[in-house]
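Asker: Take a look at coords.cif, mmCIF, C-alpha atoms:
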data_model
#
loop_
_atom_site.group_PDB
_atom_site.id
_atom_site.type_symbol
_atom_site.label_atom_id
_atom_site.label_comp_id
_atom_site.auth_asym_id
_atom_site.auth_seq_id
_atom_site.Cartn_x
_atom_site.Cartn_y
_atom_site.Cartn_z
ATOM 1 C CA MET A 1 71.703 -119.333 83.653
ATOM 2 C CA ARG A 2 68.136 -120.565 83.808
ATOM 3 C CA THR A 3 67.741 -119.180 87.324
ATOM 4 C CA LEU A 4 68.782 -115.639 86.350
ATOM 5 C CA PRO A 5 65.360 -114.532 85.005
ATOM 6 C CA TYR A 6 63.714 -115.680 88.237
ATOM 7 C CA LEU A 7 66.272 -113.803 90.346
ATOM 8 C CA LEU A 8 65.611 -110.698 88.251
ATOM 9 C CA LEU A 9 61.875 -111.122 88.832
ATOM 10 C CA LEU A 10 62.528 -111.427 92.571
ATOM 11 C CA ARG A 11 64.484 -108.174 92.515
ATOM 12 C CA ALA A 12 61.875 -106.481 90.328
ATOM 13 C CA GLY A 13 59.130 -107.455 92.767
ATOM 14 C CA PHE A 14 61.159 -106.016 95.649
ATOM 15 C CA ARG A 15 61.878 -102.778 93.794
ATOM 16 C CA SER A 16 58.319 -102.328 92.550
ATOM 17 C CA GLN A 17 56.978 -102.572 96.090
ATOM 18 C CA ALA A 18 59.629 -100.091 97.246
ATOM 19 C CA THR A 19 58.009 -97.356 95.154
ATOM 20 C CA TYR A 20 54.930 -97.319 97.401
ATOM 21 C CA ARG A 21 56.583 -95.732 100.441
ATOM 22 C CA LEU A 22 53.489 -93.824 101.584
ATOM 23 C CA ALA A 23 51.397 -96.999 101.393
ATOM 24 C CA ALA A 24 54.055 -98.796 103.443
ATOM 25 C CA ALA A 25 53.912 -96.094 106.100
ATOM 26 C CA ALA A 26 50.121 -96.312 106.181
ATOM 27 C CA GLY A 27 50.391 -100.091 106.506
ATOM 28 C CA LEU A 28 52.735 -99.741 109.468
ATOM 29 C CA PHE A 29 50.345 -97.355 111.189
ATOM 30 C CA THR A 30 47.381 -99.669 110.578
ATOM 31 C CA ASN A 31 49.248 -102.742 111.798
ATOM 32 C CA ALA A 32 50.406 -100.915 114.929
ATOM 33 C CA VAL A 33 46.909 -99.650 115.774
ATOM 34 C CA PHE A 34 45.319 -103.064 115.356
ATOM 35 C CA GLY A 35 48.222 -104.545 117.291
ATOM 36 C CA VAL A 36 47.421 -102.329 120.270
ATOM 37 C CA VAL A 37 43.744 -103.305 120.103
ATOM 38 C CA LYS A 38 44.560 -107.005 119.784
ATOM 39 C CA ALA A 39 47.079 -106.799 122.627
ATOM 40 C CA ALA A 40 44.542 -105.161 124.929
ATOM 41 C CA VAL A 41 41.910 -107.828 124.254
ATOM 42 C CA LEU A 42 44.238 -110.810 124.558
ATOM 43 C CA ILE A 43 46.050 -109.553 127.648
ATOM 44 C CA ALA A 44 42.669 -109.045 129.323
ATOM 45 C CA ALA A 45 41.850 -112.657 128.421
ATOM 46 C CA VAL A 46 45.153 -113.873 129.888
ATOM 47 C CA GLY A 47 44.487 -111.919 133.079
ATOM 48 C CA ALA A 48 40.986 -113.335 133.366
ATOM 49 C CA ALA A 49 42.410 -116.853 132.928
ATOM 50 C CA GLY A 50 44.763 -116.372 135.880
ATOM 51 C CA GLY A 51 48.005 -115.366 134.175
ATOM 52 C CA THR A 52 48.297 -118.027 131.462
ATOM 53 C CA LEU A 53 45.984 -118.900 128.590
ATOM 54 C CA ALA A 54 46.478 -122.026 126.457
ATOM 55 C CA GLY A 55 50.104 -122.010 127.583
ATOM 56 C CA TYR A 56 50.695 -118.350 126.738
ATOM 57 C CA SER A 57 52.016 -116.109 129.496
ATOM 58 C CA THR A 58 51.438 -112.365 129.309
ATOM 59 C CA GLY A 59 54.841 -111.759 127.753
ATOM 60 C CA GLU A 60 54.418 -114.569 125.220
ATOM 61 C CA MET A 61 50.959 -113.357 124.261
ATOM 62 C CA LEU A 62 52.339 -109.875 123.631
ATOM 63 C CA ALA A 63 55.133 -111.404 121.578
ATOM 64 C CA TYR A 64 52.546 -113.344 119.555
ATOM 65 C CA VAL A 65 50.582 -110.146 118.926
ATOM 66 C CA TRP A 66 53.469 -108.094 117.604
ATOM 67 C CA VAL A 67 55.319 -110.803 115.707
ATOM 68 C CA SER A 68 52.120 -111.877 113.952
ATOM 69 C CA GLN A 69 51.340 -108.244 113.117
ATOM 70 C CA GLY A 70 54.827 -107.906 111.688
ATOM 71 C CA LEU A 71 54.321 -110.964 109.478
ATOM 72 C CA ILE A 72 51.087 -109.755 107.868
ATOM 73 C CA GLY A 73 52.799 -108.336 104.796
ATOM 74 C CA VAL A 74 55.161 -111.286 104.394
ATOM 75 C CA VAL A 75 52.413 -113.898 104.365
ATOM 76 C CA ALA A 76 50.037 -111.562 102.488
ATOM 77 C CA ALA A 77 47.256 -112.296 104.944
ATOM 78 C CA MET A 78 44.844 -109.967 103.160
ATOM 79 C CA GLY A 79 45.297 -110.939 99.527
ATOM 80 C CA VAL A 80 45.677 -113.623 96.859
ATOM 81 C CA ALA A 81 47.902 -113.998 93.807
ATOM 82 C CA GLU A 82 47.853 -111.365 91.070
ATOM 83 C CA ILE A 83 47.333 -113.973 88.369
ATOM 84 C CA GLY A 84 43.604 -114.012 89.118
ATOM 85 C CA GLU A 85 43.268 -110.476 87.743
ATOM 86 C CA ARG A 86 45.413 -111.376 84.748
ATOM 87 C CA ILE A 87 43.103 -114.281 83.980
ATOM 88 C CA ARG A 88 40.080 -111.977 84.193
ATOM 89 C CA THR A 89 41.590 -109.443 81.764
ATOM 90 C CA GLY A 90 43.116 -112.043 79.460
ATOM 91 C CA ASP A 91 46.681 -110.849 80.103
ATOM 92 C CA VAL A 92 47.547 -114.366 81.271
ATOM 93 C CA ALA A 93 47.805 -115.306 77.579
ATOM 94 C CA THR A 94 50.978 -113.201 77.461
ATOM 95 C CA ASP A 95 52.355 -115.064 80.469
ATOM 96 C CA PHE A 96 51.992 -118.362 78.631
ATOM 97 C CA THR A 97 53.995 -117.084 75.639
ATOM 98 C CA ARG A 98 57.052 -116.290 77.769
ATOM 99 C CA PRO A 99 59.855 -118.867 78.128
ATOM 100 C CA LEU A 100 59.308 -119.064 81.875
ATOM 101 C CA ASP A 101 57.270 -121.253 84.159
ATOM 102 C CA VAL A 102 54.146 -119.204 84.918
ATOM 103 C CA GLN A 103 53.819 -120.381 88.510
ATOM 104 C CA GLY A 104 57.527 -119.927 89.233
ATOM 105 C CA ALA A 105 57.662 -116.473 87.643
ATOM 106 C CA HIS A 106 54.710 -115.221 89.676
ATOM 107 C CA LEU A 107 56.208 -116.745 92.836
ATOM 108 C CA CYS A 108 59.492 -114.860 92.429
ATOM 109 C CA SER A 109 57.843 -111.538 91.657
ATOM 110 C CA ASP A 110 55.376 -111.921 94.516
ATOM 111 C CA LEU A 111 58.004 -113.085 96.994
ATOM 112 C CA GLY A 112 60.193 -110.072 96.244
ATOM 113 C CA ALA A 113 57.302 -107.741 97.048
ATOM 114 C CA ARG A 114 56.547 -109.633 100.267
ATOM 115 C CA LEU A 115 60.139 -109.482 101.479
ATOM 116 C CA PHE A 116 60.217 -105.719 101.033
ATOM 117 C CA THR A 117 57.380 -105.321 103.529
ATOM 118 C CA LEU A 118 59.715 -106.477 106.298
ATOM 119 C CA LEU A 119 61.673 -103.232 106.096
ATOM 120 C CA PRO A 120 59.000 -100.523 106.375
ATOM 121 C CA ARG A 121 56.274 -102.561 108.090
ATOM 122 C CA GLY A 122 57.324 -105.877 109.599
ATOM 123 C CA LEU A 123 60.392 -105.104 111.711
ATOM 124 C CA PRO A 124 59.236 -101.574 112.700
ATOM 125 C CA CYS A 125 55.893 -102.989 113.848
ATOM 126 C CA VAL A 126 57.639 -105.428 116.189
ATOM 127 C CA LEU A 127 59.827 -102.588 117.479
ATOM 128 C CA VAL A 128 56.754 -100.416 118.111
ATOM 129 C CA GLY A 129 55.188 -103.254 120.085
ATOM 130 C CA ALA A 130 58.339 -103.736 122.134
ATOM 131 C CA LEU A 131 58.350 -100.040 123.019
ATOM 132 C CA ILE A 132 54.619 -99.743 123.754
ATOM 133 C CA THR A 133 53.784 -102.946 125.609
ATOM 134 C CA GLY A 134 56.971 -104.984 125.876
ATOM 135 C CA MET A 135 57.115 -108.729 125.183
ATOM 136 C CA SER A 136 58.977 -111.908 126.077
ATOM 137 C CA MET A 137 61.349 -113.097 123.362
ATOM 138 C CA PRO A 138 64.038 -115.816 123.383
ATOM 139 C CA SER A 139 67.586 -114.786 124.296
ATOM 140 C CA ARG A 140 69.225 -117.471 122.118
ATOM 141 C CA PRO A 141 69.877 -116.977 118.370
ATOM 142 C CA LEU A 142 68.520 -120.375 117.202
ATOM 143 C CA PRO A 143 64.788 -119.479 117.436
ATOM 144 C CA TYR A 144 65.414 -116.433 115.240
ATOM 145 C CA LEU A 145 67.310 -118.474 112.649
ATOM 146 C CA LEU A 146 64.672 -121.216 112.518
ATOM 147 C CA GLY A 147 61.919 -118.596 112.692
ATOM 148 C CA THR A 148 63.346 -116.825 109.649
ATOM 149 C CA ILE A 149 63.422 -120.106 107.723
ATOM 150 C CA ALA A 150 59.828 -120.849 108.778
ATOM 151 C CA MET A 151 58.801 -117.313 107.786
ATOM 152 C CA LEU A 152 60.197 -117.719 104.272
ATOM 153 C CA ILE A 153 58.545 -121.123 103.875
ATOM 154 C CA GLY A 154 55.282 -119.642 105.183
ATOM 155 C CA ALA A 155 55.470 -116.863 102.597
ATOM 156 C CA VAL A 156 56.005 -119.393 99.795
ATOM 157 C CA LEU A 157 53.158 -121.567 101.092
ATOM 158 C CA SER A 158 50.854 -118.564 101.298
ATOM 159 C CA PHE A 159 51.632 -117.702 97.688
ATOM 160 C CA TYR A 160 51.055 -121.232 96.417
ATOM 161 C CA CYS A 161 47.696 -121.497 98.190
ATOM 162 C CA GLY A 162 46.591 -118.057 96.974
ATOM 163 C CA TYR A 163 47.761 -118.948 93.475
ATOM 164 C CA ALA A 164 45.706 -122.147 93.459
ATOM 165 C CA VAL A 165 42.635 -120.150 94.470
ATOM 166 C CA ALA A 166 43.239 -117.404 91.896
ATOM 167 C CA ILE A 167 43.787 -119.887 89.060
ATOM 168 C CA LEU A 168 40.175 -121.008 89.477
ATOM 169 C CA GLY A 169 39.372 -117.948 87.346
ATOM 170 C CA PHE A 170 39.772 -120.218 84.321
ATOM 171 C CA TRP A 171 36.534 -121.966 85.338
ATOM 172 C CA VAL A 172 34.383 -119.213 86.917
ATOM 173 C CA VAL A 173 33.347 -115.819 85.633
ATOM 174 C CA ASP A 174 34.367 -113.917 88.755
ATOM 175 C CA VAL A 175 36.620 -115.222 91.550
ATOM 176 C CA ARG A 176 36.121 -112.281 93.916
ATOM 177 C CA GLY A 177 33.661 -114.201 96.076
ATOM 178 C CA ILE A 178 36.009 -117.177 96.281
ATOM 179 C CA ASN A 179 38.921 -114.849 97.082
ATOM 180 C CA THR A 180 36.956 -113.195 99.876
ATOM 181 C CA LEU A 181 35.992 -116.546 101.387
ATOM 182 C CA TYR A 182 39.597 -117.726 101.159
ATOM 183 C CA THR A 183 40.899 -114.533 102.792
ATOM 184 C CA VAL A 184 38.492 -114.876 105.725
ATOM 185 C CA LEU A 185 39.139 -118.575 106.296
ATOM 186 C CA SER A 186 42.911 -118.314 105.909
ATOM 187 C CA GLY A 187 43.054 -115.290 108.220
ATOM 188 C CA PHE A 188 41.399 -117.203 111.042
ATOM 189 C CA GLY A 189 43.212 -120.454 110.288
ATOM 190 C CA MET A 190 46.688 -118.943 110.194
ATOM 191 C CA GLY A 191 46.213 -117.294 113.609
ATOM 192 C CA LEU A 192 45.954 -113.711 112.428
ATOM 193 C CA TYR A 193 43.354 -112.709 115.010
ATOM 194 C CA VAL A 194 43.963 -115.086 117.927
ATOM 195 C CA PRO A 195 46.424 -117.967 118.374
ATOM 196 C CA VAL A 196 45.193 -121.274 116.986
ATOM 197 C CA ALA A 197 45.795 -122.772 120.458
ATOM 198 C CA LEU A 198 42.855 -120.672 121.729
ATOM 199 C CA PHE A 199 40.388 -122.273 119.318
ATOM 200 C CA PRO A 200 37.848 -124.798 120.663
ATOM 201 C CA GLY A 201 39.139 -128.349 120.362
ATOM 202 C CA TRP A 202 37.137 -129.282 117.265
ATOM 203 C CA LEU A 203 38.015 -126.023 115.482
ATOM 204 C CA GLN A 204 41.689 -126.350 116.387
ATOM 205 C CA THR A 205 41.720 -129.865 114.922
ATOM 206 C CA LEU A 206 40.047 -128.573 111.763
ATOM 207 C CA ALA A 207 42.548 -125.708 111.445
ATOM 208 C CA ILE A 208 45.549 -127.984 111.904
ATOM 209 C CA ALA A 209 44.236 -130.160 109.072
ATOM 210 C CA THR A 210 44.708 -127.192 106.697
ATOM 211 C CA PRO A 211 47.893 -125.449 105.533
ATOM 212 C CA PHE A 212 46.851 -122.152 107.146
ATOM 213 C CA PRO A 213 48.631 -122.468 110.541
ATOM 214 C CA SER A 214 51.891 -123.202 108.706
ATOM 215 C CA MET A 215 51.730 -119.787 107.048
ATOM 216 C CA MET A 216 51.824 -117.546 110.123
ATOM 217 C CA MET A 217 51.292 -119.489 113.343
ATOM 218 C CA THR A 218 54.314 -121.751 112.877
ATOM 219 C CA PRO A 219 56.906 -118.995 112.290
ATOM 220 C CA THR A 220 55.341 -116.896 115.053
ATOM 221 C CA ASP A 221 55.534 -119.707 117.618
ATOM 222 C CA ILE A 222 59.126 -120.433 116.627
ATOM 223 C CA PHE A 223 60.141 -116.779 116.854
ATOM 224 C CA ILE A 224 58.641 -116.352 120.324
ATOM 225 C CA GLY A 225 60.058 -119.653 121.617
ATOM 226 C CA ARG A 226 56.868 -121.694 122.036
ATOM 227 C CA LEU A 227 58.221 -124.184 119.506
ATOM 228 C CA ASP A 228 61.812 -125.122 120.210
ATOM 229 C CA GLY A 229 64.370 -127.740 119.189
ATOM 230 C CA PRO A 230 62.813 -130.879 117.639
ATOM 231 C CA ASP A 231 59.343 -129.305 117.750
ATOM 232 C CA SER A 232 60.580 -126.454 115.534
ATOM 233 C CA LEU A 233 62.103 -128.853 113.018
ATOM 234 C CA ARG A 234 58.940 -130.967 112.998
ATOM 235 C CA ALA A 235 56.817 -127.873 112.340
ATOM 236 C CA ILE A 236 59.112 -126.796 109.493
ATOM 237 C CA GLY A 237 58.839 -130.303 108.040
ATOM 238 C CA ILE A 238 55.051 -129.980 108.060
ATOM 239 C CA GLN A 239 55.384 -126.629 106.299
ATOM 240 C CA LEU A 240 57.473 -128.217 103.544
ATOM 241 C CA VAL A 241 54.893 -130.963 103.020
ATOM 242 C CA TRP A 242 52.156 -128.365 102.591
ATOM 243 C CA VAL A 243 54.359 -126.359 100.195
ATOM 244 C CA ALA A 244 54.861 -129.430 98.018
ATOM 245 C CA LEU A 245 51.138 -130.254 97.977
ATOM 246 C CA ALA A 246 50.083 -126.668 97.230
ATOM 247 C CA ALA A 247 52.697 -126.310 94.485
ATOM 248 C CA ILE A 248 51.584 -129.545 92.821
ATOM 249 C CA ALA A 249 47.923 -128.492 92.995
ATOM 250 C CA GLY A 250 48.684 -125.080 91.494
ATOM 251 C CA ARG A 251 50.768 -126.585 88.709
ATOM 252 C CA ALA A 252 48.038 -129.098 87.823
ATOM 253 C CA LEU A 253 45.414 -126.341 87.749
ATOM 254 C CA THR A 254 47.678 -124.174 85.574
ATOM 255 C CA ARG A 255 48.088 -126.949 82.994
ATOM 256 C CA ALA A 256 44.352 -127.600 82.972
ATOM 257 C CA GLY A 257 43.588 -123.890 82.715
ATOM 258 C CA ARG A 258 46.003 -123.440 79.850
ATOM 259 C CA ARG A 259 44.219 -126.149 77.884
ATOM 260 C CA ARG A 260 40.939 -124.381 78.576
ATOM 261 C CA LEU A 261 42.175 -120.912 77.607
ATOM 262 C CA GLU A 262 40.862 -119.443 74.351
ATOM 263 C CA VAL A 263 42.401 -116.273 72.897
ATOM 264 C CA GLN A 264 40.361 -114.258 70.397
ATOM 265 C CA GLY A 265 41.373 -111.270 68.314
ATOM 266 C CA GLY A 266 44.603 -110.359 66.582
#
As structure tokens, what does this structure read like?
Answerer:
Amino acid sequence: MRTLPYLLLLRAGFRSQATYRLAAAAGLFTNAVFGVVKAAVLIAAVGAAGGTLAGYSTGEMLAYVWVSQGLIGVVAAMGVAEIGERIRTGDVATDFTRPLDVQGAHLCSDLGARLFTLLPRGLPCVLVGALITGMSMPSRPLPYLLGTIAMLIGAVLSFYCGYAVAILGFWVVDVRGINTLYTVLSGFGMGLYVPVALFPGWLQTLAIATPFPSMMMTPTDIFIGRLDGPDSLRAIGIQLVWVALAAIAGRALTRAGRRRLEVQGG
């Protein structure tokens, strides 16, 4: 089956990430500490606003804090695709000789690694938040089902956008500056630090015009019940549009980069 190699890459990505158990534990600790700090700041802001802020109650704001912290590993909020390093070293030439789609192969491997982070970091981080501060979460199962779908789409979208950035290594000597700029902008735009709804009007409009909120903010709002019913489905539809656009852009850049690639030596 043509899909079997990609499924094996998905499993390999999951298993490779599973070998870094100490790093996963350190990631959980870091996420929990920053979650406490973020919760303290945002709850103070909600209190100063009179009990609600941009539609967030205290319980919903706490839910936003801990769910978004739990999604950090899944949406890879602090990194870009590995292919950028492979372009820098020239190892990407090997990728092009394999009978697999380069973009699809990297997606499966990367997605497997992202999904593993839910076990030692994502779900435990939400549990830690529930025990430390508490939070308001929906009592019905539908938000969790739709939230899981949105989370998976957000992870795929995050990969495709990071891949498109990393593939620029075919045209520049060093993409580290571009990667850093992308990481900063995407972190703010996806709602990693504060909800997008708290942005000033002009900045919120600018953020919504990018794919970043669809990576983390959309699944978070669905999980905590701020987006419900038709609004959830509409938000997932927007995610799928961004996925298609990012995938097409990455594929076009890959084809152009392959034509530009020169391999020397024997």
Asker: So that I can check the surroundings of Ala166 in chain A, please list as a ChimeraX atom specification every protein, DNA and RNA residue that reaches within 10 Å of it, counting all atoms listed in the file and ignoring chain neighbours fewer than 5 positions away.
Answerer: /A:80-88,160-161,175-176,178-179,182,250
Asker: What does the distance from CA of Leu253 in chain A to CA of Leu168 in chain A come to in Å, to one decimal?
Answerer: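 So the answer is 7.7 Å.
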Asker: Can you work out which one of A:Arg260, A:Met61, A:Gln69, A:Leu119 has the shortest atom-to-atom distance to Val172 in chain A, counting all atoms listed in the file?
Answerer: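 That would be A:Arg260, the residue with the smallest distance to Val172 in chain A.
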Asker: Just so the selection is clear, what residues does the PyMOL selection byres ((chain A and resi 39) around 10) cover here, as number ranges by chain?
Answerer: A: 33-38, 40-45, 58, 61-66, 129, 133
Asker: Can you tell me how far CA of Leu142 in chain A sits from CA of Ser232 in chain A, in Å to one decimal?
Answerer: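 That distance, rounded to one decimal, is 10.1 Å.
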Asker: Spell out the residues picked by the PyMOL selection byres ((chain A and resi 67) around 12) here, as a PyMOL selection string.
Answerer: chain A and resi 31-32+35+39+60-66+68-74+118+121-130+134-137+144+147-148+151+191-192+195+216-225
Asker: One decimal, Å: what's the distance from CA of Ile132 in chain A over to CA of Thr30 in chain A, could you say?
Answerer: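 Atom-to-atom, CA of Ile132 in chain A and CA of Thr30 in chain A are spaced 15.0 Å apart.
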Asker: Starting from the PyMOL selection byres ((chain A and resi 92-103) around 8), expand the selection into actual residues of this file and give them as a PyMOL selection string.
Answerer: chain A and resi 83+86-87+89-91+104-107+163+250-251+254+258+261+263
Asker: Here is a test: counting only C-alpha atoms, which residue of A:Gln239, A:Thr183, A:Pro5, A:Phe170 is nearest to Ala256 in chain A?
Answerer: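 Of the candidates, the smallest distance to Ala256 in chain A is held by A:Phe170.
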Asker: Box for range 197-204 of chain A: with edges along x, y and z, all listed atoms inside and 6 Å added on each side, what are the centre and edge lengths in Å to one decimal, as AutoDock Vina command-line options?
Answerer:
--center_x 41.5 --center_y -125.0 --center_z 118.6 --size_x 20.7 --size_y 20.6 --size_z 18.2
